[in-house]
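Trainee: Handing over start-v3.pdb, PDB, C-alpha atoms.
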```pdb
MODEL        1
ATOM      1  CA  MET A  57    -106.646  69.920  39.651
ATOM      2  CA  ILE A  58    -104.358  69.700  42.623
ATOM      3  CA  ASP A  59    -106.063  68.508  45.766
ATOM      4  CA  LEU A  60    -105.868  71.384  48.215
ATOM      5  CA  GLY A  61    -106.766  71.228  51.857
ATOM      6  CA  MET A  62    -108.072  74.128  53.880
ATOM      7  CA  THR A  63    -104.627  74.880  55.295
ATOM      8  CA  GLU A  64    -103.052  74.954  51.845
ATOM      9  CA  ILE A  65    -105.716  77.317  50.554
ATOM     10  CA  THR A  66    -105.181  79.626  53.530
ATOM     11  CA  ILE A  67    -101.411  79.623  53.051
ATOM     12  CA  VAL A  68    -101.715  80.348  49.324
ATOM     13  CA  ILE A  69    -104.197  83.217  49.815
ATOM     14  CA  SER A  70    -102.116  84.844  52.539
ATOM     15  CA  SER A  71     -98.975  84.393  50.447
ATOM     16  CA  VAL A  72    -100.605  86.214  47.539
ATOM     17  CA  LEU A  73    -101.698  89.057  49.841
ATOM     18  CA  ILE A  74     -98.192  89.319  51.345
ATOM     19  CA  PHE A  75     -96.727  89.254  47.830
ATOM     20  CA  PHE A  76     -98.779  92.245  46.695
ATOM     21  CA  SER A  77     -98.060  94.112  49.939
ATOM     22  CA  ILE A  78     -94.316  93.650  49.429
ATOM     23  CA  VAL A  79     -94.503  94.720  45.779
ATOM     24  CA  PHE A  80     -96.499  97.875  46.522
ATOM     25  CA  GLY A  81     -94.252  98.707  49.465
ATOM     26  CA  ILE A  82     -91.166  98.405  47.277
ATOM     27  CA  VAL A  83     -92.816 100.574  44.609
ATOM     28  CA  ARG A  84     -93.547 103.283  47.161
ATOM     29  CA  LEU A  85     -89.991 103.041  48.469
ATOM     30  CA  VAL A  86     -88.576 103.441  44.960
ATOM     31  CA  ILE A  87     -90.761 106.282  43.690
ATOM     32  CA  GLY A  88     -91.310 108.032  47.024
ATOM     33  CA  PRO A  89     -90.391 111.645  46.380
ATOM     34  CA  GLU A  90     -89.610 112.513  49.991
ATOM     35  CA  THR A  91     -87.898 110.803  52.912
ATOM     36  CA  VAL A  92     -91.146 110.518  54.881
ATOM     37  CA  ASP A  93     -92.714 108.346  52.151
ATOM     38  CA  ARG A  94     -89.772 105.990  52.370
ATOM     39  CA  VAL A  95     -90.018 105.832  56.162
ATOM     40  CA  VAL A  96     -93.680 104.827  55.920
ATOM     41  CA  ALA A  97     -92.816 102.267  53.229
ATOM     42  CA  ILE A  98     -90.113 100.656  55.354
ATOM     43  CA  ASP A  99     -92.517 100.531  58.314
ATOM     44  CA  LEU A 100     -95.123  98.785  56.137
ATOM     45  CA  LEU A 101     -92.509  96.333  54.854
ATOM     46  CA  THR A 102     -91.406  95.514  58.410
ATOM     47  CA  ILE A 103     -94.949  94.660  59.463
ATOM     48  CA  VAL A 104     -95.550  92.570  56.328
ATOM     49  CA  THR A 105     -92.232  90.820  56.995
ATOM     50  CA  ILE A 106     -93.417  89.809  60.476
ATOM     51  CA  ALA A 107     -96.474  88.180  58.882
ATOM     52  CA  LEU A 108     -94.260  86.476  56.303
ATOM     53  CA  ILE A 109     -91.947  85.023  58.967
ATOM     54  CA  ALA A 110     -94.976  83.654  60.841
ATOM     55  CA  LEU A 111     -96.176  82.090  57.588
ATOM     56  CA  LEU A 112     -92.759  80.543  56.980
ATOM     57  CA  ALA A 113     -92.756  79.135  60.515
ATOM     58  CA  HIS A 114     -96.073  77.441  59.860
ATOM     59  CA  GLN A 115     -95.069  76.191  56.448
ATOM     60  CA  ALA A 116     -91.748  74.725  57.621
ATOM     61  CA  GLU A 117     -93.379  73.453  60.865
ATOM     62  CA  ARG A 118     -90.548  74.922  62.911
ATOM     63  CA  TYR A 119     -92.024  77.191  65.509
ATOM     64  CA  ILE A 120     -88.609  78.419  66.668
ATOM     65  CA  TYR A 121     -88.887  80.785  63.679
ATOM     66  CA  LEU A 122     -91.548  82.709  65.556
ATOM     67  CA  ASP A 123     -88.803  84.060  67.831
ATOM     68  CA  VAL A 124     -87.392  85.964  64.857
ATOM     69  CA  ALA A 125     -90.806  87.523  64.269
ATOM     70  CA  LEU A 126     -90.931  88.383  67.978
ATOM     71  CA  VAL A 127     -87.571  90.166  67.812
ATOM     72  CA  TYR A 128     -88.762  92.066  64.742
ATOM     73  CA  GLY A 129     -91.942  93.111  66.497
ATOM     74  CA  LEU A 130     -89.930  94.383  69.438
ATOM     75  CA  LEU A 131     -87.371  96.238  67.344
ATOM     76  CA  SER A 132     -89.460  97.474  64.414
ATOM     77  CA  PHE A 133     -90.203 100.818  66.003
ATOM     78  CA  LEU A 134     -86.535 101.652  66.591
ATOM     79  CA  GLY A 135     -85.573 102.553  63.045
ATOM     80  CA  VAL A 136     -88.679 104.636  62.444
ATOM     81  CA  LEU A 137     -88.180 106.355  65.794
ATOM     82  CA  ALA A 138     -84.539 107.169  64.965
ATOM     83  CA  VAL A 139     -85.464 108.659  61.578
ATOM     84  CA  ALA A 140     -88.296 110.656  63.142
ATOM     85  CA  ARG A 141     -85.950 112.058  65.774
ATOM     86  CA  TYR A 142     -83.440 112.893  63.051
ATOM     87  CA  LEU A 143     -86.001 114.711  60.910
ATOM     88  CA  GLU A 144     -87.042 116.773  63.933
ATOM     89  CA  LYS A 145     -83.404 117.843  64.512
ATOM     90  CA  GLY A 146     -83.021 115.688  67.593
ATOM     91  CA  ILE A 147     -81.096 112.417  68.145
TER      92      ILE A 147
ATOM     93  CA  MET B 292     -98.374  74.188  45.946
ATOM     94  CA  SER B 293     -97.477  76.155  49.046
ATOM     95  CA  THR B 294     -93.805  75.308  48.488
ATOM     96  CA  LEU B 295     -94.028  76.876  45.038
ATOM     97  CA  VAL B 296     -95.608  80.007  46.474
ATOM     98  CA  ILE B 297     -92.923  80.280  49.154
ATOM     99  CA  THR B 298     -90.267  79.939  46.443
ATOM    100  CA  LEU B 299     -91.831  82.760  44.449
ATOM    101  CA  LEU B 300     -91.904  84.927  47.580
ATOM    102  CA  THR B 301     -88.216  84.195  48.115
ATOM    103  CA  VAL B 302     -87.456  85.352  44.576
ATOM    104  CA  VAL B 303     -89.321  88.599  45.290
ATOM    105  CA  LEU B 304     -87.322  89.019  48.504
ATOM    106  CA  CYS B 305     -84.021  88.587  46.654
ATOM    107  CA  ALA B 306     -85.140  91.169  44.085
ATOM    108  CA  GLY B 307     -85.968  93.456  47.023
ATOM    109  CA  ILE B 308     -82.432  93.043  48.382
ATOM    110  CA  LEU B 309     -81.064  94.059  44.972
ATOM    111  CA  ILE B 310     -83.395  97.058  44.764
ATOM    112  CA  GLY B 311     -82.471  98.172  48.287
ATOM    113  CA  GLY B 312     -78.762  97.995  47.556
ATOM    114  CA  LEU B 313     -79.133  99.862  44.269
ATOM    115  CA  LEU B 314     -81.220 102.588  45.904
ATOM    116  CA  ALA B 315     -78.675 102.951  48.707
ATOM    117  CA  VAL B 316     -76.033 103.638  46.061
ATOM    118  CA  ILE B 317     -78.119 105.811  43.723
ATOM    119  CA  LEU B 318     -80.096 108.102  46.034
ATOM    120  CA  ASN B 319     -78.702 111.536  46.795
ATOM    121  CA  ASN B 320     -80.588 112.107  50.039
ATOM    122  CA  MET B 321     -78.546 110.503  52.818
ATOM    123  CA  VAL B 322     -81.472 109.547  55.052
ATOM    124  CA  SER B 323     -83.262 107.842  52.146
ATOM    125  CA  ALA B 324     -80.093 105.906  51.353
ATOM    126  CA  VAL B 325     -79.843 104.719  54.972
ATOM    127  CA  ILE B 326     -83.492 103.603  54.881
ATOM    128  CA  SER B 327     -82.861 101.704  51.643
ATOM    129  CA  ALA B 328     -79.906  99.929  53.246
ATOM    130  CA  GLY B 329     -82.288  99.011  56.051
ATOM    131  CA  LEU B 330     -84.609  97.460  53.458
ATOM    132  CA  ALA B 331     -81.785  95.278  52.151
ATOM    133  CA  SER B 332     -80.973  94.168  55.701
ATOM    134  CA  LEU B 333     -84.661  93.458  56.430
ATOM    135  CA  PHE B 334     -85.142  91.210  53.422
ATOM    136  CA  ALA B 335     -81.785  89.483  53.962
ATOM    137  CA  SER B 336     -83.036  88.508  57.404
ATOM    138  CA  VAL B 337     -86.144  86.871  55.918
ATOM    139  CA  VAL B 338     -83.996  85.014  53.386
ATOM    140  CA  TYR B 339     -81.937  83.701  56.309
ATOM    141  CA  VAL B 340     -85.160  82.338  57.798
ATOM    142  CA  VAL B 341     -85.981  80.662  54.480
ATOM    143  CA  LEU B 342     -82.498  79.130  54.502
ATOM    144  CA  ALA B 343     -83.233  77.635  57.967
ATOM    145  CA  ALA B 344     -80.911  79.857  60.022
ATOM    146  CA  PRO B 345     -83.137  81.577  62.595
ATOM    147  CA  ASP B 346     -80.255  82.609  64.873
ATOM    148  CA  VAL B 347     -78.497  84.456  62.056
ATOM    149  CA  ALA B 348     -81.819  86.047  61.133
ATOM    150  CA  MET B 349     -82.342  87.234  64.697
ATOM    151  CA  THR B 350     -78.889  88.816  64.834
ATOM    152  CA  GLU B 351     -79.417  90.464  61.454
ATOM    153  CA  ALA B 352     -82.769  91.805  62.610
ATOM    154  CA  SER B 353     -81.408  93.385  65.772
ATOM    155  CA  ILE B 354     -78.063  94.673  64.504
ATOM    156  CA  GLY B 355     -78.523  95.228  60.765
ATOM    157  CA  SER B 356     -81.986  96.676  60.803
ATOM    158  CA  GLY B 357     -82.110  98.367  64.203
ATOM    159  CA  LEU B 358     -78.679  99.373  65.417
ATOM    160  CA  SER B 359     -76.910 100.241  62.163
ATOM    161  CA  THR B 360     -79.702 102.605  61.078
ATOM    162  CA  MET B 361     -79.395 104.549  64.331
ATOM    163  CA  ILE B 362     -75.584 104.638  64.135
ATOM    164  CA  PHE B 363     -75.686 105.813  60.504
ATOM    165  CA  LEU B 364     -78.147 108.585  61.347
ATOM    166  CA  TYR B 365     -75.996 109.651  64.317
ATOM    167  CA  ALA B 366     -72.917 109.785  62.053
ATOM    168  CA  ILE B 367     -74.788 111.776  59.387
ATOM    169  CA  ARG B 368     -75.931 114.250  62.041
ATOM    170  CA  LYS B 369     -72.399 114.693  63.364
ATOM    171  CA  THR B 370     -70.766 115.110  59.952
ATOM    172  CA  GLN B 371     -73.409 117.449  58.532
ATOM    173  CA  LYS B 372     -72.695 119.894  61.339
ATOM    174  CA  ILE B 373     -69.040 120.006  60.289
ATOM    175  CA  ASP B 374     -69.979 120.371  56.605
ATOM    176  CA  SER B 375     -72.293 123.325  57.223
ATOM    177  CA  GLU B 376     -69.608 125.077  59.281
ATOM    178  CA  ASP B 377     -67.182 124.640  56.414
ATOM    179  CA  ASP B 378     -69.686 126.087  53.944
ATOM    180  CA  GLU B 379     -70.158 129.193  56.032
TER     181      GLU B 379
ENDMDL
END
```
Could I get this file's structure written as structure tokens?

Mentor:
Amino acid sequence: MIDLGMTEITIVISSVLIFFSIVFGIVRLVIGPETVDRVVAIDLLTIVTIALIALLAHQAERYIYLDVALVYGLLSFLGVLAVARYLEKGI
Amino acid sequence: MSTLVITLLTVVLCAGILIGGLLAVILNNMVSAVISAGLASLFASVVYVVLAAPDVAMTEASIGSGLSTMIFLYAIRKTQKIDSEDDE
């Protein structure tokens, strides 16, 4: 049995959760019958991606990676907002 | 152990890029195709982070995922108006 510390166990558990979130998000994006389902799926995938980038920053021990997650958190609403404005005949 | 898990996640991300590109080609609805292209851009940004290029990832996040989606939707709006006038 591999000797696992508490940090390793936490990283592995969160990686498994992020894995299943990404897989289910992709499934919803593929089979989603309407555009709105795909918008919600891409929003979910953006938020899961922010968590994944934070996990990568911890795993690589380079905390400059957190800036990428920060930019994503600031910009994640833009795409969803643009599609929502488009669907309501705006933009 | 955690390195193995991160590698598996990277493989899933690359498969997601492929799926996003295929959906952007296949789908008939234009807005859904634009969203699928956004998915490919989103996962490409994370793969850039895995490949230790955070500056490229930041640029891809702001331009590929944010700006290009808005510009594509604006272009679709403008061209659909012309198409509907031609149909009538």

Trainee: With only C-alpha atoms as the basis for distance, which of B:Ile354, B:Val316, B:Ile308, B:Met361 is at the shortest distance from chain A?

Mentor: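 For chain A, the nearest of the candidates is B:Met361.
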
Trainee: Can you tell me, as a PyMOL selection string, what residues are no more than 7 Å from region 118-129 of chain A when counting only C-alpha atoms, ignoring any on the same chain fewer than 2 positions away?

Mentor: (chain A and resi 106+109-110+113-114+116+131-132) or (chain B and resi 345+348-349+352)

Trainee: Report, in Å with one decimal, the straight-line distance from CA of Leu299 (chain B) to CA of Ile87 (chain A).

Mentor: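 Here the two named atoms are 23.6 Å from each other.
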
Trainee: For this file, the ChimeraX specification (/A :<8) & /B selects which residues, as number ranges by chain?

Mentor: B: 292-293, 296-297, 300, 303, 307, 314, 320, 322-323, 326-327, 330, 333-334, 337, 340-341, 345-346, 348-349, 352-353, 356-358, 360-361, 364-365, 368

Trainee: For CA of Val302 (chain B) and CA of Ala315 (chain B), determine how far apart the two atoms are, in Å to one decimal place.

Mentor: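 So the answer is 20.1 Å.
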
Trainee: Do you have the CA of Phe80 (chain A)-CA of Gly311 (chain B) distance handy?

Mentor: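 Calculated distance between CA of Phe80 (chain A) and CA of Gly311 (chain B) is 14.1 Å.
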
Trainee: If the box runs along x, y and z of the file and leaves 8 Å on each side of region 61-78 of chain A, what are its centre and edge lengths in Å, one decimal, as AutoDock Vina command-line options?

Mentor:
```
--center_x -101.2 --center_y 82.7 --center_z 51.0 --size_x 29.8 --size_y 38.9 --size_z 24.6
```

Trainee: Between B:Ala306, B:Leu318, B:Gln371, B:Leu295, which is the closest to Val338 (chain B) once you count all atoms listed in the file?

Mentor: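 Using all atoms listed in the file, the shortest distance to Val338 (chain B) belongs to B:Ala306.
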